[in-house]
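File shown: work-v1.txt. Contents: compact mmCIF, C-alpha atoms.
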```
# COMPACT_ATOMS: atom_id res chain seq x y z
CA MET M 24 61.33 13.24 -35.23
CA THR M 25 60.96 9.62 -36.25
CA GLY M 26 62.82 6.56 -34.92
CA GLY M 27 66.14 5.60 -36.49
CA PHE M 28 64.74 2.75 -38.61
CA ASN M 29 61.39 4.17 -39.55
CA TYR M 30 62.72 5.68 -42.72
CA ILE M 31 64.11 2.33 -44.06
CA LYS M 32 61.72 0.97 -46.59
CA GLU M 33 60.30 -2.53 -46.21
CA GLU M 34 62.09 -3.81 -49.28
CA ASN M 35 65.39 -2.66 -47.83
CA ILE M 36 64.69 -4.72 -44.70
CA VAL M 37 63.93 -7.80 -46.79
CA THR M 38 67.13 -7.28 -48.77
CA ALA M 39 69.14 -6.83 -45.57
CA ILE M 40 67.69 -10.05 -44.11
CA GLN M 41 68.48 -11.92 -47.32
CA LYS M 42 72.07 -10.64 -47.23
CA ILE M 43 72.45 -11.70 -43.58
CA PHE M 44 70.99 -15.13 -44.36
CA ALA M 45 73.31 -15.55 -47.36
CA ALA M 46 76.31 -14.51 -45.27
CA ALA M 47 75.35 -17.02 -42.56
CA LEU M 48 75.03 -19.79 -45.17
CA LEU M 49 78.42 -18.91 -46.60
CA CYS M 50 79.94 -19.10 -43.12
CA VAL M 51 78.39 -22.52 -42.50
CA PHE M 52 79.46 -23.93 -45.85
CA SER M 53 82.96 -22.46 -45.65
CA ALA M 54 83.40 -23.88 -42.13
CA ALA M 55 82.20 -27.26 -43.38
CA SER M 56 84.56 -27.16 -46.32
CA LEU M 57 87.46 -26.26 -44.05
CA ALA M 58 86.75 -29.19 -41.75
CA GLN M 59 89.11 -31.98 -42.67
CA GLY M 60 88.45 -35.66 -42.91
CA LYS M 61 85.65 -38.01 -42.33
CA VAL M 62 83.84 -39.25 -39.25
CA VAL M 63 84.30 -42.86 -38.12
CA ILE M 64 83.54 -45.07 -35.15
CA VAL M 65 85.79 -47.65 -33.53
CA ASP M 66 85.65 -50.16 -30.68
CA ILE M 67 89.29 -50.17 -29.64
CA GLN M 68 88.87 -52.94 -27.07
CA ALA M 69 87.12 -55.22 -29.57
CA ALA M 70 89.83 -54.47 -32.14
CA MET M 71 92.58 -55.43 -29.70
CA LEU M 72 90.79 -58.56 -28.45
CA SER M 73 90.18 -59.70 -32.04
CA THR M 74 93.88 -59.67 -32.90
CA GLU M 75 95.85 -62.84 -33.48
CA VAL M 76 97.90 -62.08 -30.36
CA ALA M 77 94.76 -61.95 -28.20
CA GLN M 78 93.33 -65.11 -29.75
CA LYS M 79 96.62 -66.96 -29.09
CA GLU M 80 96.60 -65.84 -25.45
CA LEU M 81 92.99 -66.99 -24.99
CA ALA M 82 93.84 -70.31 -26.68
CA LYS M 83 96.78 -70.70 -24.28
CA LEU M 84 94.37 -70.12 -21.40
CA ASP M 85 92.05 -72.84 -22.72
CA LYS M 86 95.01 -75.27 -22.73
CA ASN M 87 96.01 -74.36 -19.18
CA PRO M 88 95.35 -77.47 -17.01
CA GLU M 89 93.79 -75.50 -14.15
CA PHE M 90 91.49 -73.59 -16.50
CA ALA M 91 90.57 -76.78 -18.38
CA SER M 92 89.78 -78.43 -15.04
CA LEU M 93 87.49 -75.54 -14.11
CA LYS M 94 85.73 -75.79 -17.48
CA ALA M 95 85.26 -79.53 -17.00
CA LYS M 96 83.86 -78.89 -13.53
CA MET M 97 81.48 -76.32 -15.01
CA ASP M 98 80.30 -78.84 -17.61
CA GLY M 99 79.74 -81.39 -14.84
CA LEU M 100 77.71 -78.91 -12.82
CA VAL M 101 75.55 -78.13 -15.86
CA ALA M 102 74.93 -81.87 -16.29
CA ASP M 103 74.05 -82.16 -12.57
CA MET M 104 71.57 -79.29 -12.87
CA LYS M 105 69.91 -80.96 -15.85
CA LYS M 106 69.65 -84.27 -13.96
CA LEU M 107 68.14 -82.56 -10.93
CA GLN M 108 65.65 -80.73 -13.14
CA ALA M 109 64.70 -83.91 -15.00
CA SER M 110 64.28 -85.76 -11.71
CA ALA M 111 62.02 -83.04 -10.35
CA GLU M 112 59.91 -83.01 -13.51
CA LYS M 113 59.58 -86.79 -13.50
CA ASP M 114 59.03 -87.57 -9.82
CA GLY M 115 58.54 -84.22 -8.12
CA LEU M 116 54.78 -84.55 -7.73
CA THR M 117 55.16 -87.76 -5.74
CA TRP M 118 57.81 -86.47 -3.32
CA SER M 119 57.10 -85.80 0.31
CA ALA M 120 57.78 -82.38 1.78
CA ASP M 121 61.13 -83.65 3.11
CA GLN M 122 62.13 -85.00 -0.29
CA GLN M 123 61.19 -81.70 -1.94
CA SER M 124 63.18 -79.78 0.64
CA GLU M 125 66.19 -82.06 0.15
CA HIS M 126 65.95 -81.61 -3.63
CA ARG M 127 65.81 -77.81 -3.33
CA LYS M 128 68.89 -77.93 -1.09
CA LYS M 129 70.79 -80.00 -3.70
CA VAL M 130 69.78 -77.57 -6.43
CA GLU M 131 70.96 -74.61 -4.35
CA TYR M 132 74.33 -76.28 -3.64
CA VAL M 133 74.88 -77.10 -7.31
CA ARG M 134 73.84 -73.57 -8.32
CA ALA M 135 76.22 -72.02 -5.76
CA ASP M 136 79.07 -74.21 -7.04
CA TYR M 137 78.16 -73.27 -10.62
CA GLU M 138 78.25 -69.56 -9.82
CA LEU M 139 81.59 -69.89 -8.00
CA VAL M 140 83.22 -71.82 -10.84
CA GLY M 141 81.74 -69.37 -13.34
CA LYS M 142 83.25 -66.43 -11.44
CA LYS M 143 86.64 -68.17 -11.36
CA LEU M 144 86.53 -68.85 -15.11
CA GLN M 145 85.49 -65.28 -15.81
CA ALA M 146 88.25 -63.89 -13.58
CA GLU M 147 90.88 -65.95 -15.42
CA GLN M 148 89.60 -64.78 -18.81
CA GLN M 149 89.45 -61.17 -17.69
CA ALA M 150 93.02 -61.35 -16.39
CA VAL M 151 94.23 -62.57 -19.78
CA MET M 152 92.20 -59.95 -21.62
CA GLN M 153 93.48 -57.17 -19.35
CA LYS M 154 97.07 -58.26 -19.99
CA VAL M 155 96.45 -58.30 -23.75
CA LEU M 156 94.84 -54.85 -23.65
CA GLN M 157 97.70 -53.47 -21.59
CA ASP M 158 100.35 -55.00 -23.86
CA LEU M 159 98.67 -53.83 -27.07
CA SER M 160 97.76 -50.29 -25.94
CA PRO M 161 100.96 -48.53 -27.10
CA LYS M 162 100.94 -50.29 -30.48
CA THR M 163 97.21 -49.60 -30.87
CA ARG M 164 97.67 -45.89 -30.26
CA THR M 165 100.42 -45.73 -32.89
CA VAL M 166 98.48 -47.78 -35.45
CA LEU M 167 95.31 -45.75 -34.88
CA GLU M 168 97.21 -42.48 -35.37
CA GLN M 169 98.65 -43.82 -38.62
CA LEU M 170 95.19 -44.94 -39.76
CA ILE M 171 93.74 -41.50 -38.96
CA ALA M 172 96.46 -39.80 -40.98
CA SER M 173 96.37 -42.18 -43.95
CA ASP M 174 92.56 -42.20 -44.27
CA ASN M 175 92.17 -38.46 -43.63
CA ILE M 176 89.91 -39.05 -40.62
CA GLY M 177 88.72 -35.89 -38.94
CA LEU M 178 86.73 -37.37 -36.05
CA VAL M 179 86.89 -40.75 -34.31
CA LEU M 180 84.03 -41.71 -31.99
CA ASN M 181 83.83 -44.63 -29.62
CA SER M 182 81.31 -47.01 -31.17
CA GLN M 183 79.33 -47.16 -27.89
CA ALA M 184 78.80 -43.38 -28.10
CA ALA M 185 77.20 -43.56 -31.54
CA LEU M 186 73.45 -44.00 -31.64
CA HIS M 187 73.59 -45.25 -35.21
CA ALA M 188 76.31 -45.96 -37.71
CA THR M 189 76.43 -48.19 -40.74
CA ALA M 190 79.27 -50.66 -41.13
CA ALA M 191 80.98 -48.29 -43.56
CA TYR M 192 81.75 -45.94 -40.67
CA ASP M 193 83.22 -48.66 -38.42
CA ILE M 194 87.02 -48.92 -38.65
CA THR M 195 87.29 -51.61 -35.95
CA PRO M 196 88.00 -54.47 -38.40
CA LYS M 197 90.55 -52.34 -40.24
CA LEU M 198 92.27 -51.47 -36.95
CA THR M 199 92.42 -55.17 -36.04
CA GLU M 200 93.89 -55.99 -39.44
CA LEU M 201 96.55 -53.30 -39.09
CA LEU M 202 97.38 -54.44 -35.56
CA ASN M 203 97.88 -57.97 -36.83
CA LYS M 204 100.29 -56.65 -39.48
CA ALA M 205 102.16 -54.27 -37.13
CA LYS M 206 105.33 -55.49 -35.48
```
Will you turn the file into structure tokens for me?
Amino acid sequence: MTGGFNYIKEENIVTAIQKIFAAALLCVFSAASLAQGKVVIVDIQAAMLSTEVAQKELAKLDKNPEFASLKAKMDGLVADMKKLQASAEKDGLTWSADQQSEHRKKVEYVRADYELVGKKLQAEQQAVMQKVLQDLSPKTRTVLEQLIASDNIGLVLNSQAALHATAAYDITPKLTELLNKAK
């Protein structure tokens, strides 16, 4: 007695494989045709921070006297660093060990002040940006859902998750525009 498949001719096997392959292709293409919409990327945070509301809040921060004072202090510290660097380049070779040590100490103090002021400025900006993001989140969710429905979008990816996407796939500017128009 022979095995169950020994009596199937070779051409029948080829035909069966072709039928299976064709059925698999049909499944793939029918699944693809059933999938709705297009694929896009978006940077929601960038969209929100690019809105007119966000820009007004950041402009208000720039006009804040305390923030302006910190920025002026930062500019002064940058100027001090440049002066110290120029002084070292000009006269550094003629300085004694004590003068070099004193110069390094001044540079370190100015750098520490620069870093502290920079952290304060950054903290103020981040606080404003966090408030803007928090305030705009509900509106952004609604506008994004409307955009998804109106443009027949089937998949939205965070732009940082995409390895590559041309500008045509990026809906961030469109989201910003719609947020600016939304009330």
Please produce, as JSON lines, a per-residue contact table for region 43-140 of chain M versus region 177-194 of chain M (criterion: any atom at most 8 Å away, all atoms listed in the file considered), showing the nearest atom pair and its distance in Å to one decimal, sorted by chain then residue number.
```
{"residue": "M:Ala58", "atom": "CA", "partner": "M:Gly177", "partner_atom": "CA", "distance": 7.5}
{"residue": "M:Gln59", "atom": "CA", "partner": "M:Gly177", "partner_atom": "CA", "distance": 5.4}
{"residue": "M:Gly60", "atom": "CA", "partner": "M:Gly177", "partner_atom": "CA", "distance": 4.0}
{"residue": "M:Lys61", "atom": "CA", "partner": "M:Gly177", "partner_atom": "CA", "distance": 5.0}
{"residue": "M:Val62", "atom": "CA", "partner": "M:Leu178", "partner_atom": "CA", "distance": 4.7}
{"residue": "M:Val63", "atom": "CA", "partner": "M:Tyr192", "partner_atom": "CA", "distance": 4.7}
{"residue": "M:Ile64", "atom": "CA", "partner": "M:Leu180", "partner_atom": "CA", "distance": 4.6}
{"residue": "M:Val65", "atom": "CA", "partner": "M:Ser182", "partner_atom": "CA", "distance": 5.1}
{"residue": "M:Asp66", "atom": "CA", "partner": "M:Ser182", "partner_atom": "CA", "distance": 5.4}
{"residue": "M:Ile67", "atom": "CA", "partner": "M:Asn181", "partner_atom": "CA", "distance": 7.8}
```
Find the distance between CA of Leu198 (chain M) and CA of Ala70 (chain M) and write it in Å to one decimal.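 These atoms are spaced 6.2 Å apart.
The coordinates place CA of Tyr137 (chain M) at 8.5 Å from CA of Lys96 (chain M).
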With only C-alpha atoms as the basis for distance, which of M:Glu138, M:Gly115, M:Leu202, M:Lys79 is at the shortest distance from Ser160 (chain M)?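 Once distances to Ser160 (chain M) are computed over only C-alpha atoms, the minimum belongs to M:Leu202.
Across the structure, CA of Gly141 (chain M) and CA of Asp85 (chain M) are spaced 14.4 Å apart.
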Tell me, as a short mmCIF file (atom, residue, chain, number, x, y, z; two decimals) with C-alpha atoms, in the coordinates of the input, which residues lie within 12 Å of Phe90 (chain M), counting all atoms listed in the file; anything in the same chain fewer than 2 positions away does not count.
```cif
data_model
loop_
_atom_site.label_atom_id
_atom_site.label_comp_id
_atom_site.auth_asym_id
_atom_site.auth_seq_id
_atom_site.Cartn_x
_atom_site.Cartn_y
_atom_site.Cartn_z
CA LEU M 81 92.99 -66.99 -24.99
CA ALA M 82 93.84 -70.31 -26.68
CA LYS M 83 96.78 -70.70 -24.28
CA LEU M 84 94.37 -70.12 -21.40
CA ASP M 85 92.05 -72.84 -22.72
CA LYS M 86 95.01 -75.27 -22.73
CA ASN M 87 96.01 -74.36 -19.18
CA PRO M 88 95.35 -77.47 -17.01
CA SER M 92 89.78 -78.43 -15.04
CA LEU M 93 87.49 -75.54 -14.11
CA LYS M 94 85.73 -75.79 -17.48
CA ALA M 95 85.26 -79.53 -17.00
CA LYS M 96 83.86 -78.89 -13.53
CA MET M 97 81.48 -76.32 -15.01
CA VAL M 140 83.22 -71.82 -10.84
CA GLY M 141 81.74 -69.37 -13.34
CA LYS M 143 86.64 -68.17 -11.36
CA LEU M 144 86.53 -68.85 -15.11
CA GLN M 145 85.49 -65.28 -15.81
CA ALA M 146 88.25 -63.89 -13.58
CA GLU M 147 90.88 -65.95 -15.42
CA GLN M 148 89.60 -64.78 -18.81
CA VAL M 151 94.23 -62.57 -19.78
#
```
Region 122-133 of chain M environment, 8 Å, all atoms listed in the file, sequence neighbours closer than 6 positions dropped, as number ranges by chain: M: 100, 103-104, 107, 111, 115
Could you give me the centre and size, in Å to one decimal, of an axis-aligned box around all listed atoms of region 133-140 of chain M with 5 Å added on every side, as lines of an AutoDock Vina configuration file?
```
center_x = 78.5
center_y = -73.3
center_z = -8.3
size_x = 19.4
size_y = 17.5
size_z = 15.1
```
Go through M:Lys162, M:Lys142, M:Arg134, M:Lys204 one by one, measure the shortest atom-to-atom distance of each to Gly99 (chain M) using all atoms listed in the file, and give the residue with the smallest value.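 Once distances to Gly99 (chain M) are computed over all atoms listed in the file, the minimum belongs to M:Arg134.
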Choose the residue, out of M:Ala172, M:Leu167, M:Val155, M:Ala91, that has the smallest atom-to-atom separation from Ala77 (chain M); count all atoms listed in the file. M:Val155
Non-local contacts of Thr199 (chain M) (8 Å; only C-alpha atoms; under 3 positions in same chain excluded) as a list in words: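 Once the adjacent positions are removed, what remains is Ala70, Met71, Ser73, Thr74, Thr195, Pro196, Leu202 and Asn203 of chain M.
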